[in-house]
Amino acid sequence: MATSSLREELSCSICLNLYKEPVSLKCGHNFCRDCIVTVLDTQEKKATSYSCPECREQYTERPPLEKNKKLCNIVDNFRSAHPEDTEVFCTYCDHPVPATKTCLLCEASFCNKHLRNHSKSADHILTDPTTSFDDRKCSIHQEILKYYCTEDSACICMSCWVAGDHKGHQVELLNVASEKKKEKLKDVTEKLNTEKQENEKRIQNLENYRMGEKRKADDVTRRVTELFRDIRRHLDDVEKRVLTEVSRQEEKISQSVCDMIQKLETQKNELSRRINEMEAVCKITDPLTVLKKDIISDDIIPRSGDVRDAGCLDEGMISQMLHRGLLHFTDSLIDLKIKRQFSVMEKSDILLDIKTANNYIIVSQDLKSATYTNKSENRPDVPERFKSRQVISTQSFSSGRHYWEVDVSGVKEWLIGVVSHSMERKIEENESFIGYNDKSWGLTQRNTLTTKHNNSGIKIDSKSSLKTVGIYLDYDAGRLSFYQLCDPIRHLHTFTTTFTEPLHAAFYVFEDSIIRII
């Protein structure tokens with residue numbers, strides 16, 4: 001809106017186009033020089049006086065035309081800032097007619113009518129209508145740029161090629177060089193379009209993946225909510241049964257105490273009655289009357305109402321109910337998880353294979369711990385044994401889901417993971433270490449916490465030292481995940497691949513360290 005208003009202010013009221021060489025009359029109104037000259041010439045032929053075309057102010061003599069330099073600068077700046085608003089007109093038409101072509105040699109613009117009479121010589125280069133010729137001329141020789149220097153990748157004029165800096169260089173006509181560049185651009189465009197399409201596919205795949213993961217998250221959220229609702233219902237049942245028993249016992253004790261209090265109240269009233277009778281007799285002064293009163297009785301009212309007879313809360317029974325209720329809940333928890341389609345991460349019974357243990361590793365009797373020793377165990381050199389300080393599990397996994405936990409709290413450096421059954425075992429160098437080849441995947445803590453596979457690693461940010469690591473292997477899905485089990489539980493890394501061989505749990509034992517399977 002502001003641009004449109006400014007354009008109106010900068011337009012000549014005669015031709016209705018932007019000012020060209022704006023001049024001012026004495027009345028202050030501005031016009032294109034050619035426009036006002038044409039008007040004044042017409043007035044000179046028809047009358048003896050002149051007038052402003054806008055305000056009609058009369059002049060007895062032909063008014064002088066003063067160039068409005070400030071307005072001229074404003075119009076030029078407007079044209080530069082809004083080139084799309086600047087229309088090019090035919091140079092040879094008496095009235096503004098839009099040009100269809102501009103000749104760079106003539107530096108003139110033509111409408112269709114005048115273009116038919118224009119020279120067809122090759123020197124006269126026609127282009128789209130323009131008023132700017134400086135960028136199409138050589139800045140050194142002020143000649144039209146006709147050639148393209150292929151050696152310097154520059155547009156040049158004839159003088160540049162014949163006697164200038166590009167003398168003797170390989171040159172091409174601009175249209176030839178332009179066509180070649182267009183061909184290259186077409187090739188590049190095709191490649192970019194192919195890459196763009198690939199990007200669009202990847203974007204769509206990522207979007208589909210994101211939506212899929214969102215649906216999974218929504219489903220897991222629903223199942224978790226339902227699971228905890230079931231858990232709360234079961235725990236509420238246990239709580240209700242235990243509290244009901246507490247209330248029952250409390251009510252029984254309360255009733256017993258109330259019965260005992262009632263008996264004691266009856267006994268108290270009887271005692272009060274006897275006391276009153278005896279006190280009344282003691283007040284009689286006549287001996288004969290006193291002796292005739294038969295009120296003394298040796299009947300002793302039995303004692304009752306001791307708190308020991310009231311009973312007490314049987315906390316042992318309550319504890320037993322609570323224990324059995326929670327024990328039953330624990331047994332049913334697995335069923336609840338299965339009902340809500342959650343995998344039960346029961347620990348696999350991982351045992352260390354002493355036949356694979358390096359001679360500087362001591363394996364515990366329960367086959368759960370591996371400890372470094374600086375004295376060789378001198379075990380026989382069987383094919384299964386590692387030359388590097390490693391030991392693997394007796395079990396191998398070729399399908400299904402498996403989970404185990406490793407205690408690393410007592411060591412500063414450790415390396416754990418899984419290895420393929422066929423991994424090299426008779427090399428002492430790191431080629432046979434867990435994660436240093438394409439047949440093993442590992443997690444190690446040395447200077448930093450790092451994943452290892454095929455001798456490449458990814459650093460994992462960990463603000464606290466790990467004490468227990470959980471390892472979850474989903475063989476069929478090709479996923480191996482590591483978890484930090486100290487509070488808070490945190491996912492560390494997941495390897496995703498296709499397993500083609502049976503896998504073993506594997507452990508590297510550093511000096512002065514011990515690894516223990518929980």
# chains A, B, ... in the order shown; residues from 1 in each chain; ligands from 1
>>> select_by_dssp(residues="segment 295-470 of chain A", states="strand (DSSP E or B)", output="PyMOL selection string")
chain A and resi 352+361-363+369-372+390-393+397+401-407+414-420+440-445+449-453+456-460+468-470
>>> residues_around(residues="Asn112 of chain A", least_positions_apart="5", cutoff="12 Å", atoms="only C-alpha atoms", output="list in words")
Phe89, Cys90, Thr91, Tyr92, Cys93, Val97, Pro98, Ala99, Thr100, Lys101, Thr102, Asn117, His118 and Pro129 of chain A
>>> select_by_dssp(residues="segment 291-391 of chain A", states="alpha helix (DSSP H)", output="JSON, numbers by chain")
{"A": [291, 292, 315, 316, 317, 318, 319, 320, 321, 322, 323, 324, 325, 326, 327, 328, 329, 330, 331, 332, 333, 334, 335, 336, 337, 338, 339]}
>>> residues_around(residues="Ser376 of chain A", least_positions_apart="4", cutoff="12 Å", atoms="only C-alpha atoms", output="MDAnalysis selection string")
chainID A and resid 357:362 372 380 387 389
>>> closest_residue(among="A:His141, A:Arg446, A:Arg385, A:Arg56", to="Phe510 of chain A", atoms="only C-alpha atoms")
A:Arg446
>>> closest_residue(among="A:Ser409, A:Phe228, A:Arg136, A:Ile471", to="Lys347 of chain A", atoms="only C-alpha atoms")
A:Ile471
>>> closest_residue(among="A:Glu346, A:Glu413, A:Phe499, A:His493", to="Lys439 of chain A", atoms="only C-alpha atoms")
A:Phe499
>>> residues_around(residues="Val242 of chain A", least_positions_apart="5", cutoff="12 Å", atoms="only C-alpha atoms", output="list in words")
Leu235, Asp236, Asp237, Ser247, Arg248, Gln249, Asp314, Glu315, Gly316, Met317, Ile318, Ser319, Gln320, Met321, Leu322, His323, Arg324, Gly325 and Leu326 of chain A
>>> decode(residues="segment 416-464 of chain A", atoms="C-alpha atoms", output="PDB file, in the first residue's frame")
ATOM      1  CA  ILE A 416      31.350 -56.302  28.365  1.00  0.00           C
ATOM      2  CA  GLY A 417      29.041 -57.328  25.511  1.00  0.00           C
ATOM      3  CA  VAL A 418      28.312 -60.248  23.188  1.00  0.00           C
ATOM      4  CA  VAL A 419      30.435 -62.118  20.647  1.00  0.00           C
ATOM      5  CA  SER A 420      29.709 -64.476  17.778  1.00  0.00           C
ATOM      6  CA  HIS A 421      30.629 -68.084  18.320  1.00  0.00           C
ATOM      7  CA  SER A 422      33.202 -67.987  15.494  1.00  0.00           C
ATOM      8  CA  MET A 423      35.094 -64.899  16.719  1.00  0.00           C
ATOM      9  CA  GLU A 424      38.889 -65.256  16.656  1.00  0.00           C
ATOM     10  CA  ARG A 425      40.237 -66.438  20.025  1.00  0.00           C
ATOM     11  CA  LYS A 426      43.913 -67.126  19.414  1.00  0.00           C
ATOM     12  CA  ILE A 427      45.111 -63.530  18.925  1.00  0.00           C
ATOM     13  CA  GLU A 428      46.362 -61.488  21.869  1.00  0.00           C
ATOM     14  CA  GLU A 429      46.033 -58.118  20.129  1.00  0.00           C
ATOM     15  CA  ASN A 430      42.861 -56.042  20.228  1.00  0.00           C
ATOM     16  CA  GLU A 431      41.597 -57.686  17.019  1.00  0.00           C
ATOM     17  CA  SER A 432      40.053 -60.311  19.267  1.00  0.00           C
ATOM     18  CA  PHE A 433      38.730 -57.874  21.895  1.00  0.00           C
ATOM     19  CA  ILE A 434      34.986 -57.425  22.392  1.00  0.00           C
ATOM     20  CA  GLY A 435      33.769 -54.754  19.950  1.00  0.00           C
ATOM     21  CA  TYR A 436      37.056 -54.451  18.037  1.00  0.00           C
ATOM     22  CA  ASN A 437      35.875 -56.610  15.113  1.00  0.00           C
ATOM     23  CA  ASP A 438      32.712 -57.201  13.085  1.00  0.00           C
ATOM     24  CA  LYS A 439      31.724 -60.266  15.131  1.00  0.00           C
ATOM     25  CA  SER A 440      31.264 -58.612  18.525  1.00  0.00           C
ATOM     26  CA  TRP A 441      29.417 -55.710  20.127  1.00  0.00           C
ATOM     27  CA  GLY A 442      30.456 -54.126  23.408  1.00  0.00           C
ATOM     28  CA  LEU A 443      30.240 -51.347  25.960  1.00  0.00           C
ATOM     29  CA  THR A 444      33.388 -50.198  27.751  1.00  0.00           C
ATOM     30  CA  GLN A 445      34.309 -47.834  30.561  1.00  0.00           C
ATOM     31  CA  ARG A 446      37.865 -46.568  30.497  1.00  0.00           C
ATOM     32  CA  ASN A 447      38.507 -42.841  30.224  1.00  0.00           C
ATOM     33  CA  THR A 448      34.975 -42.460  28.893  1.00  0.00           C
ATOM     34  CA  LEU A 449      31.889 -44.614  28.460  1.00  0.00           C
ATOM     35  CA  THR A 450      31.965 -45.828  24.836  1.00  0.00           C
ATOM     36  CA  THR A 451      30.195 -48.325  22.594  1.00  0.00           C
ATOM     37  CA  LYS A 452      32.407 -50.603  20.491  1.00  0.00           C
ATOM     38  CA  HIS A 453      31.776 -52.476  17.233  1.00  0.00           C
ATOM     39  CA  ASN A 454      34.127 -53.197  14.349  1.00  0.00           C
ATOM     40  CA  ASN A 455      36.801 -51.068  16.087  1.00  0.00           C
ATOM     41  CA  SER A 456      34.681 -47.906  16.014  1.00  0.00           C
ATOM     42  CA  GLY A 457      32.944 -46.305  18.938  1.00  0.00           C
ATOM     43  CA  ILE A 458      30.381 -43.754  20.039  1.00  0.00           C
ATOM     44  CA  LYS A 459      30.975 -41.766  23.218  1.00  0.00           C
ATOM     45  CA  ILE A 460      28.061 -41.858  25.669  1.00  0.00           C
ATOM     46  CA  ASP A 461      27.477 -39.015  28.087  1.00  0.00           C
ATOM     47  CA  SER A 462      27.286 -40.343  31.641  1.00  0.00           C
ATOM     48  CA  LYS A 463      27.317 -38.007  34.626  1.00  0.00           C
ATOM     49  CA  SER A 464      27.540 -40.794  37.212  1.00  0.00           C
TER      50      SER A 464
END
